[in-house]
Structures are given as C-alpha cells and as structure tokens.
>>> print(open('target-v2.pdb').read())   # PDB, N, CA and C atoms
ATOM      1  N   MET A  12      11.061  -6.682 -15.226  1.00  0.00           N
ATOM      2  CA  MET A  12      12.002  -6.682 -14.119  1.00  0.00           C
ATOM      3  C   MET A  12      13.203  -7.562 -14.475  1.00  0.00           C
ATOM      4  N   ILE A  13      14.314  -7.299 -13.932  1.00  0.00           N
ATOM      5  CA  ILE A  13      15.539  -8.011 -14.262  1.00  0.00           C
ATOM      6  C   ILE A  13      15.518  -9.443 -13.746  1.00  0.00           C
ATOM      7  N   GLY A  14      14.974  -9.687 -12.574  1.00  0.00           N
ATOM      8  CA  GLY A  14      15.028 -11.012 -11.964  1.00  0.00           C
ATOM      9  C   GLY A  14      13.845 -11.908 -12.254  1.00  0.00           C
ATOM     10  N   GLN A  15      12.847 -11.405 -12.981  1.00  0.00           N
ATOM     11  CA  GLN A  15      11.661 -12.225 -13.238  1.00  0.00           C
ATOM     12  C   GLN A  15      10.847 -11.627 -14.385  1.00  0.00           C
ATOM     13  N   THR A  16      10.447 -12.481 -15.315  1.00  0.00           N
ATOM     14  CA  THR A  16       9.595 -12.013 -16.405  1.00  0.00           C
ATOM     15  C   THR A  16       8.130 -12.111 -15.977  1.00  0.00           C
ATOM     16  N   ASP A  17       7.256 -11.478 -16.727  1.00  0.00           N
ATOM     17  CA  ASP A  17       5.823 -11.578 -16.441  1.00  0.00           C
ATOM     18  C   ASP A  17       5.339 -13.022 -16.561  1.00  0.00           C
ATOM     19  N   ARG A  18       5.851 -13.739 -17.559  1.00  0.00           N
ATOM     20  CA  ARG A  18       5.463 -15.135 -17.747  1.00  0.00           C
ATOM     21  C   ARG A  18       5.875 -15.988 -16.551  1.00  0.00           C
ATOM     22  N   GLN A  19       7.080 -15.744 -16.035  1.00  0.00           N
ATOM     23  CA  GLN A  19       7.550 -16.489 -14.867  1.00  0.00           C
ATOM     24  C   GLN A  19       6.696 -16.168 -13.649  1.00  0.00           C
ATOM     25  N   ALA A  20       6.370 -14.898 -13.456  1.00  0.00           N
ATOM     26  CA  ALA A  20       5.558 -14.508 -12.303  1.00  0.00           C
ATOM     27  C   ALA A  20       4.180 -15.147 -12.353  1.00  0.00           C
ATOM     28  N   ALA A  21       3.599 -15.203 -13.537  1.00  0.00           N
ATOM     29  CA  ALA A  21       2.257 -15.756 -13.683  1.00  0.00           C
ATOM     30  C   ALA A  21       2.239 -17.278 -13.605  1.00  0.00           C
ATOM     31  N   GLY A  22       3.345 -17.937 -13.960  1.00  0.00           N
ATOM     32  CA  GLY A  22       3.305 -19.383 -14.080  1.00  0.00           C
ATOM     33  C   GLY A  22       4.101 -20.177 -13.072  1.00  0.00           C
ATOM     34  N   LYS A  23       4.726 -19.541 -12.081  1.00  0.00           N
ATOM     35  CA  LYS A  23       5.636 -20.265 -11.187  1.00  0.00           C
ATOM     36  C   LYS A  23       4.962 -20.975 -10.023  1.00  0.00           C
ATOM     37  N   ALA A  24       3.743 -20.633  -9.712  1.00  0.00           N
ATOM     38  CA  ALA A  24       3.078 -21.240  -8.554  1.00  0.00           C
ATOM     39  C   ALA A  24       2.629 -22.660  -8.850  1.00  0.00           C
ATOM     40  N   ALA A  25       2.507 -23.440  -7.795  1.00  0.00           N
ATOM     41  CA  ALA A  25       2.019 -24.821  -7.925  1.00  0.00           C
ATOM     42  C   ALA A  25       0.524 -24.801  -8.223  1.00  0.00           C
ATOM     43  N   PRO A  26       0.046 -25.795  -8.958  1.00  0.00           N
ATOM     44  CA  PRO A  26      -1.400 -25.866  -9.194  1.00  0.00           C
ATOM     45  C   PRO A  26      -2.126 -26.187  -7.886  1.00  0.00           C
ATOM     46  N   SER A  27      -3.351 -25.750  -7.787  1.00  0.00           N
ATOM     47  CA  SER A  27      -4.137 -26.024  -6.580  1.00  0.00           C
ATOM     48  C   SER A  27      -4.516 -27.500  -6.525  1.00  0.00           C
ATOM     49  N   ALA A  28      -4.985 -27.927  -5.367  1.00  0.00           N
ATOM     50  CA  ALA A  28      -5.423 -29.316  -5.204  1.00  0.00           C
ATOM     51  C   ALA A  28      -6.574 -29.628  -6.150  1.00  0.00           C
ATOM     52  N   THR A  29      -7.436 -28.660  -6.377  1.00  0.00           N
ATOM     53  CA  THR A  29      -8.559 -28.852  -7.299  1.00  0.00           C
ATOM     54  C   THR A  29      -8.055 -29.048  -8.723  1.00  0.00           C
ATOM     55  N   GLU A  30      -7.074 -28.250  -9.127  1.00  0.00           N
ATOM     56  CA  GLU A  30      -6.515 -28.387 -10.469  1.00  0.00           C
ATOM     57  C   GLU A  30      -5.849 -29.750 -10.654  1.00  0.00           C
ATOM     58  N   VAL A  31      -5.124 -30.194  -9.634  1.00  0.00           N
ATOM     59  CA  VAL A  31      -4.481 -31.506  -9.717  1.00  0.00           C
ATOM     60  C   VAL A  31      -5.542 -32.607  -9.797  1.00  0.00           C
ATOM     61  N   ALA A  32      -6.609 -32.475  -9.006  1.00  0.00           N
ATOM     62  CA  ALA A  32      -7.697 -33.453  -9.045  1.00  0.00           C
ATOM     63  C   ALA A  32      -8.363 -33.469 -10.418  1.00  0.00           C
ATOM     64  N   ASP A  33      -8.362 -32.330 -11.095  1.00  0.00           N
ATOM     65  CA  ASP A  33      -8.955 -32.236 -12.437  1.00  0.00           C
ATOM     66  C   ASP A  33      -7.995 -32.691 -13.535  1.00  0.00           C
ATOM     67  N   GLY A  34      -6.792 -33.153 -13.162  1.00  0.00           N
ATOM     68  CA  GLY A  34      -5.881 -33.716 -14.139  1.00  0.00           C
ATOM     69  C   GLY A  34      -4.667 -32.889 -14.480  1.00  0.00           C
ATOM     70  N   VAL A  35      -4.512 -31.714 -13.870  1.00  0.00           N
ATOM     71  CA  VAL A  35      -3.326 -30.885 -14.128  1.00  0.00           C
ATOM     72  C   VAL A  35      -2.125 -31.537 -13.439  1.00  0.00           C
ATOM     73  N   SER A  36      -1.001 -31.559 -14.111  1.00  0.00           N
ATOM     74  CA  SER A  36       0.209 -32.143 -13.531  1.00  0.00           C
ATOM     75  C   SER A  36       0.665 -31.339 -12.316  1.00  0.00           C
ATOM     76  N   PRO A  37       0.997 -32.027 -11.226  1.00  0.00           N
ATOM     77  CA  PRO A  37       1.506 -31.300 -10.059  1.00  0.00           C
ATOM     78  C   PRO A  37       2.864 -30.649 -10.319  1.00  0.00           C
ATOM     79  N   ARG A  38       3.501 -31.045 -11.421  1.00  0.00           N
ATOM     80  CA  ARG A  38       4.793 -30.440 -11.789  1.00  0.00           C
ATOM     81  C   ARG A  38       4.632 -29.154 -12.600  1.00  0.00           C
ATOM     82  N   ARG A  39       3.408 -28.825 -12.965  1.00  0.00           N
ATOM     83  CA  ARG A  39       3.186 -27.606 -13.753  1.00  0.00           C
ATOM     84  C   ARG A  39       3.745 -26.404 -12.986  1.00  0.00           C
ATOM     85  N   GLY A  40       4.445 -25.556 -13.674  1.00  0.00           N
ATOM     86  CA  GLY A  40       4.976 -24.335 -13.080  1.00  0.00           C
ATOM     87  C   GLY A  40       6.428 -24.416 -12.644  1.00  0.00           C
ATOM     88  N   TRP A  41       6.973 -25.635 -12.530  1.00  0.00           N
ATOM     89  CA  TRP A  41       8.362 -25.746 -12.090  1.00  0.00           C
ATOM     90  C   TRP A  41       9.320 -25.098 -13.089  1.00  0.00           C
ATOM     91  N   GLY A  42       9.054 -25.201 -14.377  1.00  0.00           N
ATOM     92  CA  GLY A  42       9.935 -24.586 -15.378  1.00  0.00           C
ATOM     93  C   GLY A  42      10.026 -23.081 -15.200  1.00  0.00           C
ATOM     94  N   ALA A  43       8.872 -22.448 -15.040  1.00  0.00           N
ATOM     95  CA  ALA A  43       8.846 -20.989 -14.832  1.00  0.00           C
ATOM     96  C   ALA A  43       9.511 -20.624 -13.512  1.00  0.00           C
ATOM     97  N   CYS A  44       9.261 -21.423 -12.484  1.00  0.00           N
ATOM     98  CA  CYS A  44       9.832 -21.151 -11.158  1.00  0.00           C
ATOM     99  C   CYS A  44      11.355 -21.259 -11.190  1.00  0.00           C
ATOM    100  N   LEU A  45      11.867 -22.344 -11.769  1.00  0.00           N
ATOM    101  CA  LEU A  45      13.315 -22.539 -11.810  1.00  0.00           C
ATOM    102  C   LEU A  45      13.988 -21.520 -12.725  1.00  0.00           C
ATOM    103  N   GLY A  46      13.310 -21.124 -13.802  1.00  0.00           N
ATOM    104  CA  GLY A  46      13.846 -20.066 -14.658  1.00  0.00           C
ATOM    105  C   GLY A  46      13.972 -18.754 -13.908  1.00  0.00           C
ATOM    106  N   HIS A  47      12.949 -18.425 -13.130  1.00  0.00           N
ATOM    107  CA  HIS A  47      12.979 -17.201 -12.319  1.00  0.00           C
ATOM    108  C   HIS A  47      14.095 -17.259 -11.285  1.00  0.00           C
ATOM    109  N   VAL A  48      14.186 -18.382 -10.574  1.00  0.00           N
ATOM    110  CA  VAL A  48      15.197 -18.510  -9.519  1.00  0.00           C
ATOM    111  C   VAL A  48      16.606 -18.397 -10.107  1.00  0.00           C
ATOM    112  N   ALA A  49      16.846 -19.029 -11.243  1.00  0.00           N
ATOM    113  CA  ALA A  49      18.157 -18.932 -11.884  1.00  0.00           C
ATOM    114  C   ALA A  49      18.465 -17.498 -12.307  1.00  0.00           C
ATOM    115  N   GLN A  50      17.490 -16.843 -12.913  1.00  0.00           N
ATOM    116  CA  GLN A  50      17.671 -15.461 -13.369  1.00  0.00           C
ATOM    117  C   GLN A  50      17.917 -14.532 -12.185  1.00  0.00           C
ATOM    118  N   TYR A  51      17.130 -14.683 -11.141  1.00  0.00           N
ATOM    119  CA  TYR A  51      17.252 -13.847  -9.938  1.00  0.00           C
ATOM    120  C   TYR A  51      18.631 -14.019  -9.297  1.00  0.00           C
ATOM    121  N   HIS A  52      19.077 -15.275  -9.171  1.00  0.00           N
ATOM    122  CA  HIS A  52      20.350 -15.515  -8.503  1.00  0.00           C
ATOM    123  C   HIS A  52      21.551 -15.161  -9.378  1.00  0.00           C
ATOM    124  N   LEU A  53      21.378 -15.163 -10.672  1.00  0.00           N
ATOM    125  CA  LEU A  53      22.430 -14.652 -11.551  1.00  0.00           C
ATOM    126  C   LEU A  53      22.612 -13.150 -11.305  1.00  0.00           C
ATOM    127  N   VAL A  54      21.514 -12.433 -11.194  1.00  0.00           N
ATOM    128  CA  VAL A  54      21.578 -10.998 -10.880  1.00  0.00           C
ATOM    129  C   VAL A  54      22.243 -10.795  -9.515  1.00  0.00           C
ATOM    130  N   MET A  55      21.864 -11.624  -8.537  1.00  0.00           N
ATOM    131  CA  MET A  55      22.470 -11.520  -7.203  1.00  0.00           C
ATOM    132  C   MET A  55      23.983 -11.766  -7.267  1.00  0.00           C
ATOM    133  N   ALA A  56      24.404 -12.763  -8.035  1.00  0.00           N
ATOM    134  CA  ALA A  56      25.830 -13.076  -8.148  1.00  0.00           C
ATOM    135  C   ALA A  56      26.597 -11.921  -8.788  1.00  0.00           C
ATOM    136  N   VAL A  57      26.024 -11.326  -9.815  1.00  0.00           N
ATOM    137  CA  VAL A  57      26.670 -10.181 -10.461  1.00  0.00           C
ATOM    138  C   VAL A  57      26.785  -9.010  -9.481  1.00  0.00           C
ATOM    139  N   MET A  58      25.718  -8.743  -8.753  1.00  0.00           N
ATOM    140  CA  MET A  58      25.750  -7.628  -7.794  1.00  0.00           C
ATOM    141  C   MET A  58      26.762  -7.890  -6.676  1.00  0.00           C
ATOM    142  N   LEU A  59      26.799  -9.121  -6.171  1.00  0.00           N
ATOM    143  CA  LEU A  59      27.789  -9.456  -5.140  1.00  0.00           C
ATOM    144  C   LEU A  59      29.208  -9.307  -5.673  1.00  0.00           C
ATOM    145  N   SER A  60      29.436  -9.698  -6.910  1.00  0.00           N
ATOM    146  CA  SER A  60      30.765  -9.551  -7.526  1.00  0.00           C
ATOM    147  C   SER A  60      31.168  -8.081  -7.626  1.00  0.00           C
ATOM    148  N   LEU A  61      30.208  -7.232  -8.000  1.00  0.00           N
ATOM    149  CA  LEU A  61      30.496  -5.796  -8.080  1.00  0.00           C
ATOM    150  C   LEU A  61      30.817  -5.212  -6.711  1.00  0.00           C
ATOM    151  N   VAL A  62      30.048  -5.598  -5.717  1.00  0.00           N
ATOM    152  CA  VAL A  62      30.305  -5.120  -4.352  1.00  0.00           C
ATOM    153  C   VAL A  62      31.678  -5.590  -3.885  1.00  0.00           C
ATOM    154  N   TRP A  63      31.978  -6.849  -4.142  1.00  0.00           N
ATOM    155  CA  TRP A  63      33.262  -7.424  -3.749  1.00  0.00           C
ATOM    156  C   TRP A  63      34.421  -6.691  -4.437  1.00  0.00           C
ATOM    157  N   ALA A  64      34.236  -6.295  -5.701  1.00  0.00           N
ATOM    158  CA  ALA A  64      35.289  -5.613  -6.449  1.00  0.00           C
ATOM    159  C   ALA A  64      35.524  -4.192  -5.953  1.00  0.00           C
ATOM    160  N   VAL A  65      34.479  -3.563  -5.423  1.00  0.00           N
ATOM    161  CA  VAL A  65      34.575  -2.155  -5.041  1.00  0.00           C
ATOM    162  C   VAL A  65      34.894  -1.951  -3.564  1.00  0.00           C
ATOM    163  N   LEU A  66      34.336  -2.783  -2.726  1.00  0.00           N
ATOM    164  CA  LEU A  66      34.510  -2.606  -1.284  1.00  0.00           C
ATOM    165  C   LEU A  66      35.551  -3.570  -0.728  1.00  0.00           C
ATOM    166  N   PRO A  67      36.304  -3.126   0.278  1.00  0.00           N
ATOM    167  CA  PRO A  67      37.324  -3.994   0.872  1.00  0.00           C
ATOM    168  C   PRO A  67      36.719  -4.973   1.887  1.00  0.00           C
ATOM    169  N   LEU A  68      35.909  -5.904   1.401  1.00  0.00           N
ATOM    170  CA  LEU A  68      35.254  -6.865   2.286  1.00  0.00           C
ATOM    171  C   LEU A  68      35.971  -8.207   2.242  1.00  0.00           C
ATOM    172  N   GLN A  69      35.939  -8.917   3.358  1.00  0.00           N
ATOM    173  CA  GLN A  69      36.524 -10.257   3.437  1.00  0.00           C
ATOM    174  C   GLN A  69      35.464 -11.279   3.044  1.00  0.00           C
ATOM    175  N   MET A  70      35.385 -11.610   1.768  1.00  0.00           N
ATOM    176  CA  MET A  70      34.428 -12.609   1.286  1.00  0.00           C
ATOM    177  C   MET A  70      35.200 -13.673   0.523  1.00  0.00           C
ATOM    178  N   PHE A  71      34.647 -14.886   0.537  1.00  0.00           N
ATOM    179  CA  PHE A  71      35.296 -16.000  -0.137  1.00  0.00           C
ATOM    180  C   PHE A  71      34.292 -16.698  -1.041  1.00  0.00           C
ATOM    181  N   TRP A  72      34.758 -17.118  -2.234  1.00  0.00           N
ATOM    182  CA  TRP A  72      33.875 -17.748  -3.216  1.00  0.00           C
ATOM    183  C   TRP A  72      33.100 -18.939  -2.661  1.00  0.00           C
ATOM    184  N   PRO A  73      33.699 -19.844  -1.901  1.00  0.00           N
ATOM    185  CA  PRO A  73      32.920 -20.987  -1.402  1.00  0.00           C
ATOM    186  C   PRO A  73      31.742 -20.558  -0.518  1.00  0.00           C
ATOM    187  N   GLY A  74      31.972 -19.571   0.308  1.00  0.00           N
ATOM    188  CA  GLY A  74      30.896 -19.077   1.166  1.00  0.00           C
ATOM    189  C   GLY A  74      29.797 -18.389   0.368  1.00  0.00           C
ATOM    190  N   LEU A  75      30.199 -17.596  -0.615  1.00  0.00           N
ATOM    191  CA  LEU A  75      29.208 -16.937  -1.475  1.00  0.00           C
ATOM    192  C   LEU A  75      28.401 -17.961  -2.261  1.00  0.00           C
ATOM    193  N   ALA A  76      29.075 -18.971  -2.792  1.00  0.00           N
ATOM    194  CA  ALA A  76      28.384 -20.005  -3.564  1.00  0.00           C
ATOM    195  C   ALA A  76      27.417 -20.790  -2.680  1.00  0.00           C
ATOM    196  N   ALA A  77      27.849 -21.117  -1.474  1.00  0.00           N
ATOM    197  CA  ALA A  77      26.970 -21.846  -0.551  1.00  0.00           C
ATOM    198  C   ALA A  77      25.754 -21.001  -0.183  1.00  0.00           C
ATOM    199  N   GLY A  78      25.965 -19.734   0.076  1.00  0.00           N
ATOM    200  CA  GLY A  78      24.856 -18.843   0.411  1.00  0.00           C
ATOM    201  C   GLY A  78      23.866 -18.707  -0.736  1.00  0.00           C
ATOM    202  N   LEU A  79      24.378 -18.558  -1.950  1.00  0.00           N
ATOM    203  CA  LEU A  79      23.499 -18.457  -3.115  1.00  0.00           C
ATOM    204  C   LEU A  79      22.747 -19.768  -3.351  1.00  0.00           C
ATOM    205  N   ALA A  80      23.400 -20.895  -3.118  1.00  0.00           N
ATOM    206  CA  ALA A  80      22.745 -22.191  -3.307  1.00  0.00           C
ATOM    207  C   ALA A  80      21.598 -22.380  -2.312  1.00  0.00           C
ATOM    208  N   VAL A  81      21.839 -22.068  -1.052  1.00  0.00           N
ATOM    209  CA  VAL A  81      20.778 -22.181  -0.040  1.00  0.00           C
ATOM    210  C   VAL A  81      19.639 -21.224  -0.379  1.00  0.00           C
ATOM    211  N   SER A  82      19.986 -20.021  -0.778  1.00  0.00           N
ATOM    212  CA  SER A  82      18.966 -19.047  -1.150  1.00  0.00           C
ATOM    213  C   SER A  82      18.137 -19.539  -2.333  1.00  0.00           C
ATOM    214  N   ALA A  83      18.796 -20.105  -3.336  1.00  0.00           N
ATOM    215  CA  ALA A  83      18.083 -20.570  -4.532  1.00  0.00           C
ATOM    216  C   ALA A  83      17.117 -21.710  -4.200  1.00  0.00           C
ATOM    217  N   VAL A  84      17.569 -22.679  -3.426  1.00  0.00           N
ATOM    218  CA  VAL A  84      16.713 -23.827  -3.096  1.00  0.00           C
ATOM    219  C   VAL A  84      15.496 -23.377  -2.285  1.00  0.00           C
ATOM    220  N   THR A  85      15.718 -22.584  -1.247  1.00  0.00           N
ATOM    221  CA  THR A  85      14.589 -22.137  -0.426  1.00  0.00           C
ATOM    222  C   THR A  85      13.672 -21.206  -1.211  1.00  0.00           C
ATOM    223  N   HIS A  86      14.249 -20.364  -2.048  1.00  0.00           N
ATOM    224  CA  HIS A  86      13.466 -19.435  -2.865  1.00  0.00           C
ATOM    225  C   HIS A  86      12.518 -20.206  -3.791  1.00  0.00           C
ATOM    226  N   ALA A  87      13.031 -21.264  -4.414  1.00  0.00           N
ATOM    227  CA  ALA A  87      12.213 -22.048  -5.344  1.00  0.00           C
ATOM    228  C   ALA A  87      11.020 -22.671  -4.627  1.00  0.00           C
ATOM    229  N   PHE A  88      11.236 -23.254  -3.466  1.00  0.00           N
ATOM    230  CA  PHE A  88      10.135 -23.894  -2.754  1.00  0.00           C
ATOM    231  C   PHE A  88       9.126 -22.885  -2.203  1.00  0.00           C
ATOM    232  N   VAL A  89       9.606 -21.737  -1.753  1.00  0.00           N
ATOM    233  CA  VAL A  89       8.683 -20.713  -1.261  1.00  0.00           C
ATOM    234  C   VAL A  89       7.834 -20.150  -2.400  1.00  0.00           C
ATOM    235  N   ASP A  90       8.432 -19.965  -3.565  1.00  0.00           N
ATOM    236  CA  ASP A  90       7.685 -19.426  -4.708  1.00  0.00           C
ATOM    237  C   ASP A  90       6.649 -20.402  -5.258  1.00  0.00           C
ATOM    238  N   ARG A  91       6.743 -21.673  -4.914  1.00  0.00           N
ATOM    239  CA  ARG A  91       5.774 -22.660  -5.381  1.00  0.00           C
ATOM    240  C   ARG A  91       4.491 -22.650  -4.551  1.00  0.00           C
ATOM    241  N   ARG A  92       4.431 -21.898  -3.501  1.00  0.00           N
ATOM    242  CA  ARG A  92       3.291 -21.896  -2.587  1.00  0.00           C
ATOM    243  C   ARG A  92       1.967 -21.993  -3.259  1.00  0.00           C
TER     244      ARG A  92
END
>>> encode(input="target-v2.pdb", output="structure tokens")
Amino acid sequence: MIGQTDRQAAGKAAPSATEVADGVSPRRGWGACLGHVAQYHLVMAVMLSLVWAVLPLQMFWPGLAAGLAVSAVTHAFVDRR
C-alpha cells in the first residue's frame, strides 16, 4: 500500500503491559508508527495539492498544514493502541 508498508503495519502498535513487564521497551514500535504516519501524510499532502491545482477551491497553505499536523499527531497516538 502507498501509505503503509507491511513492516509498519505489523510493528506500529504499542507493546502490551505483559510485554513491558517482561522487559520490552514501552517505546518499541514508535519508529514504525512514525514512519507510517509520515508516509501516509505525504500521500495526503500530494493528493491535496493535486485537488487544489485542479479544482477552484479556496484553500490556504497555513490551514492545510495545520490540518495535516493535527491529523498526523492524532493518527500516531491512535495507531499505538
């Protein structure tokens, strides 16, 4: 898939409480998660740019950037479930 690799999908979740108790770092998976979120939002930015170029919509870069930033932060935390 364009927005996520198989490795990212398999490794982005947070370790369980049992895994952490057994010595697994609670930070395990953040690399895969952040890689996925960056890749996904890059695709979103490209698609928004194409839509903006083709359709006569009133959009502004600061608003688009803010929306993508909020989406990226919330997306990362939700994917860590």
>>> closest_residue(input="target-v2.pdb", among="A:Leu59, A:Ala83, A:Ala76, A:Tyr51", to="Ile13 in chain A", atoms="only N, CA and C atoms")
A:Tyr51
>>> atom_distance(input="target-v2.pdb", atom1="CA of Trp72 in chain A", atom2="CA of Ala56 in chain A")
10.5 Å
>>> atom_distance(input="target-v2.pdb", atom1="atom N of Val54 in chain A", atom2="atom C of Gly14 in chain A")
7.8 Å
>>> residues_around(input="target-v2.pdb", residues="Pro37 in chain A", least_positions_apart="6", cutoff="7 Å", atoms="all atoms listed in the file", output="ChimeraX atom specification")
/A:25-26,31
>>> select_by_dssp(input="target-v2.pdb", residues="chain A", states="helix (DSSP H, G or I)", output="number ranges by chain")
A: 17-22, 28-32, 41-65, 72-90
>>> residues_around(input="target-v2.pdb", residues="His47 in chain A", least_positions_apart="4", cutoff="7 Å", atoms="all atoms listed in the file", output="count of residues only")
8
>>> residues_around(input="target-v2.pdb", residues="Cys44 in chain A", least_positions_apart="6", cutoff="9 Å", atoms="only C-alpha atoms", output="MDAnalysis selection string")
chainID A and resid 19:20 22:24 87:88 90:91
>>> closest_residue(input="target-v2.pdb", among="A:Val84, A:Ala21, A:Arg92, A:Met70", to="Val48 in chain A", atoms="only N, CA and C atoms")
A:Val84
>>> axis_aligned_box(input="target-v2.pdb", around="range 72-79 of chain A", padding_each_side="5 Å", output="AutoDock Vina command-line options")
--center_x 28.8 --center_y -19.4 --center_z -1.2 --size_x 22.0 --size_y 14.9 --size_z 14.7
>>> atom_distance(input="target-v2.pdb", atom1="atom N of Thr29 in chain A", atom2="atom N of Leu45 in chain A")
21.0 Å
